[in-house]
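Worksheet for the structure shown next.
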Amino acid sequence: MPSWVLFRPAGPAPEFTKVMLTAGLCGVELEVKQAEGVEKVPEPGQGLLSAPEGRFPVLQTPQGQLFGSQAICRFLAKTRPQFALHGDTFHEQGEVDSWLEFLQNELEVSLNCFLHELQRPHVEQQVEVEQEAKRDIVAAMRVLDNHLLRSMYLVGHHPTLADLCAQAALKHIMKAAEGLITKDSYRNLHRWFATLEGQTAGTELQ
């Protein structure tokens, strides 16, 4: 029985997916609970503890809670240092952090905006918002594809948190916007993605 509980947001959530990919690669078992309708996360053995602005996912451990997908992924990676998900060297750790910042600011914001629009009733969807989000997603994917031209992974010679976070985003892009990121136009990205999918098999899209 896992002692750590992950409260996930409702609906398609790249933030949740990247936490699960990280946990899966680390071999960490998490009990997952739906956070829908929950504004607070339980204190150990008590009621509910506020997460700032109701931010999810939230990881509850016997020692307390962590909120935000980046922080949770870093925490999980540190529990399994043998996998070096932060990078093998001090410099690689900086590179991983650089990519995480890029992914969060240049990709995940637009992707979440796009997914949010798709969840709205059709009559309420704003086409201009959806199209702008798509343009930003494509621009970020092009950066990744160009970088992967001469690299097997985003940083170093094995998967890092940067790869797992980008993989989570691409999973959702492929499901929500089929044909947006084609194999013919993004060969390096698809080669990289297939490699990661083989290494993280069993982690379903959430």
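Within each chain, counting starts at residue 1; across the structure tokens, chains are named A, B, ... in the order shown, with ligands numbered 1 upward in that order.
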- Message: Using only C-alpha atoms, which protein or nucleic acid residues come within 12 Å of stretch 110-127 of chain A? Drop anything in the same chain fewer than 3 positions from it, and give the result as a PyMOL selection string.
- Response: chain A and resi 10-16+102-107+130-141+166+168-177
Could you pull out the strand (DSSP E or B) residues of stretch 1-182 of chain A from DSSP and send them as an mmCIF file with N, CA and C atoms, in the first residue's frame?
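Output contents, as saved in states00.cif:
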```
data_model
loop_
_atom_site.group_PDB
_atom_site.id
_atom_site.type_symbol
_atom_site.label_atom_id
_atom_site.label_comp_id
_atom_site.auth_asym_id
_atom_site.auth_seq_id
_atom_site.Cartn_x
_atom_site.Cartn_y
_atom_site.Cartn_z
ATOM 1 N N VAL A 5 0.204 9.904 -1.444
ATOM 2 C CA VAL A 5 -1.041 10.093 -2.179
ATOM 3 C C VAL A 5 -0.895 11.301 -3.098
ATOM 4 N N LEU A 6 -1.242 11.124 -4.362
ATOM 5 C CA LEU A 6 -1.182 12.208 -5.329
ATOM 6 C C LEU A 6 -2.599 12.651 -5.662
ATOM 7 N N PHE A 7 -2.897 13.910 -5.354
ATOM 8 C CA PHE A 7 -4.183 14.487 -5.719
ATOM 9 C C PHE A 7 -4.035 15.126 -7.090
ATOM 10 N N ARG A 8 -4.809 14.628 -8.039
ATOM 11 C CA ARG A 8 -4.691 15.082 -9.413
ATOM 12 C C ARG A 8 -5.816 16.039 -9.766
ATOM 13 N N GLU A 31 -0.616 6.464 -4.684
ATOM 14 C CA GLU A 31 -2.069 6.332 -4.674
ATOM 15 C C GLU A 31 -2.649 7.617 -5.241
ATOM 16 N N VAL A 32 -3.462 7.486 -6.262
ATOM 17 C CA VAL A 32 -3.985 8.666 -6.960
ATOM 18 C C VAL A 32 -5.435 8.908 -6.558
ATOM 19 N N LYS A 33 -5.726 10.155 -6.222
ATOM 20 C CA LYS A 33 -7.090 10.551 -5.895
ATOM 21 C C LYS A 33 -7.475 11.765 -6.724
ATOM 22 N N GLN A 34 -8.737 11.808 -7.112
ATOM 23 C CA GLN A 34 -9.245 12.930 -7.897
ATOM 24 C C GLN A 34 -9.425 14.160 -7.018
ATOM 25 N N LYS A 40 -8.727 21.811 -0.906
ATOM 26 C CA LYS A 40 -7.603 21.661 0.002
ATOM 27 C C LYS A 40 -7.155 20.208 0.009
ATOM 28 N N VAL A 41 -5.928 20.003 0.487
ATOM 29 C CA VAL A 41 -5.332 18.668 0.524
ATOM 30 C C VAL A 41 -5.143 18.247 1.972
ATOM 31 N N PRO A 42 -5.399 16.977 2.303
ATOM 32 C CA PRO A 42 -5.371 16.572 3.712
ATOM 33 C C PRO A 42 -4.020 16.739 4.386
ATOM 34 N N LEU A 48 -8.118 18.984 5.765
ATOM 35 C CA LEU A 48 -7.541 19.405 4.507
ATOM 36 C C LEU A 48 -6.638 20.611 4.690
ATOM 37 N N LEU A 49 -5.509 20.596 3.997
ATOM 38 C CA LEU A 49 -4.529 21.688 4.061
ATOM 39 C C LEU A 49 -4.538 22.436 2.735
ATOM 40 N N SER A 50 -4.602 23.743 2.794
ATOM 41 C CA SER A 50 -4.682 24.537 1.565
ATOM 42 C C SER A 50 -3.405 24.421 0.741
ATOM 43 N N VAL A 58 -1.021 17.730 -6.139
ATOM 44 C CA VAL A 58 -0.429 17.863 -4.813
ATOM 45 C C VAL A 58 -0.069 16.472 -4.311
ATOM 46 N N LEU A 59 1.152 16.351 -3.808
ATOM 47 C CA LEU A 59 1.617 15.079 -3.273
ATOM 48 C C LEU A 59 1.596 15.120 -1.757
ATOM 49 N N GLN A 60 0.875 14.196 -1.167
ATOM 50 C CA GLN A 60 0.815 14.099 0.288
ATOM 51 C C GLN A 60 1.716 12.956 0.744
ATOM 52 N N THR A 61 2.635 13.249 1.636
ATOM 53 C CA THR A 61 3.515 12.247 2.233
ATOM 54 C C THR A 61 3.303 12.270 3.746
ATOM 55 N N GLY A 64 4.356 15.647 5.072
ATOM 56 C CA GLY A 64 3.707 16.878 4.657
ATOM 57 C C GLY A 64 3.336 16.842 3.186
ATOM 58 N N GLN A 65 3.060 18.012 2.614
ATOM 59 C CA GLN A 65 2.593 18.091 1.234
ATOM 60 C C GLN A 65 3.536 18.900 0.345
ATOM 61 N N LEU A 66 3.536 18.519 -0.925
ATOM 62 C CA LEU A 66 4.245 19.254 -1.970
ATOM 63 C C LEU A 66 3.239 19.593 -3.049
ATOM 64 N N PHE A 67 3.300 20.813 -3.580
ATOM 65 C CA PHE A 67 2.371 21.187 -4.640
ATOM 66 C C PHE A 67 3.145 21.662 -5.857
#
```
- Message: DSSP on the backbone, helix (DSSP H, G or I) only: what residues of stretch 10-173 of chain A does that give? Format it as a ChimeraX atom specification.
- Response: /A:14-26,52-54,69-79,81-83,90-119,122-124,127-147,161-173
- Item | Nearest candidate to A:Gly24 (options A:Leu164, A:Leu189, A:Val155, A:Val96; using only C-alpha atoms) |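 Among the listed residues, A:Leu164 lies closest to A:Gly24.
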- Item | Å distance separating atom CA of A:Pro81 from atom CA of A:Pro159, one decimal place | 13.1 Å
- Query: Near A:Glu92, within 12 Å and counting only C-alpha atoms, which residues show up once chain neighbours fewer than 5 positions away are dropped, as a ChimeraX atom specification?
  - Reply: /A:84-87,97-99,153-162
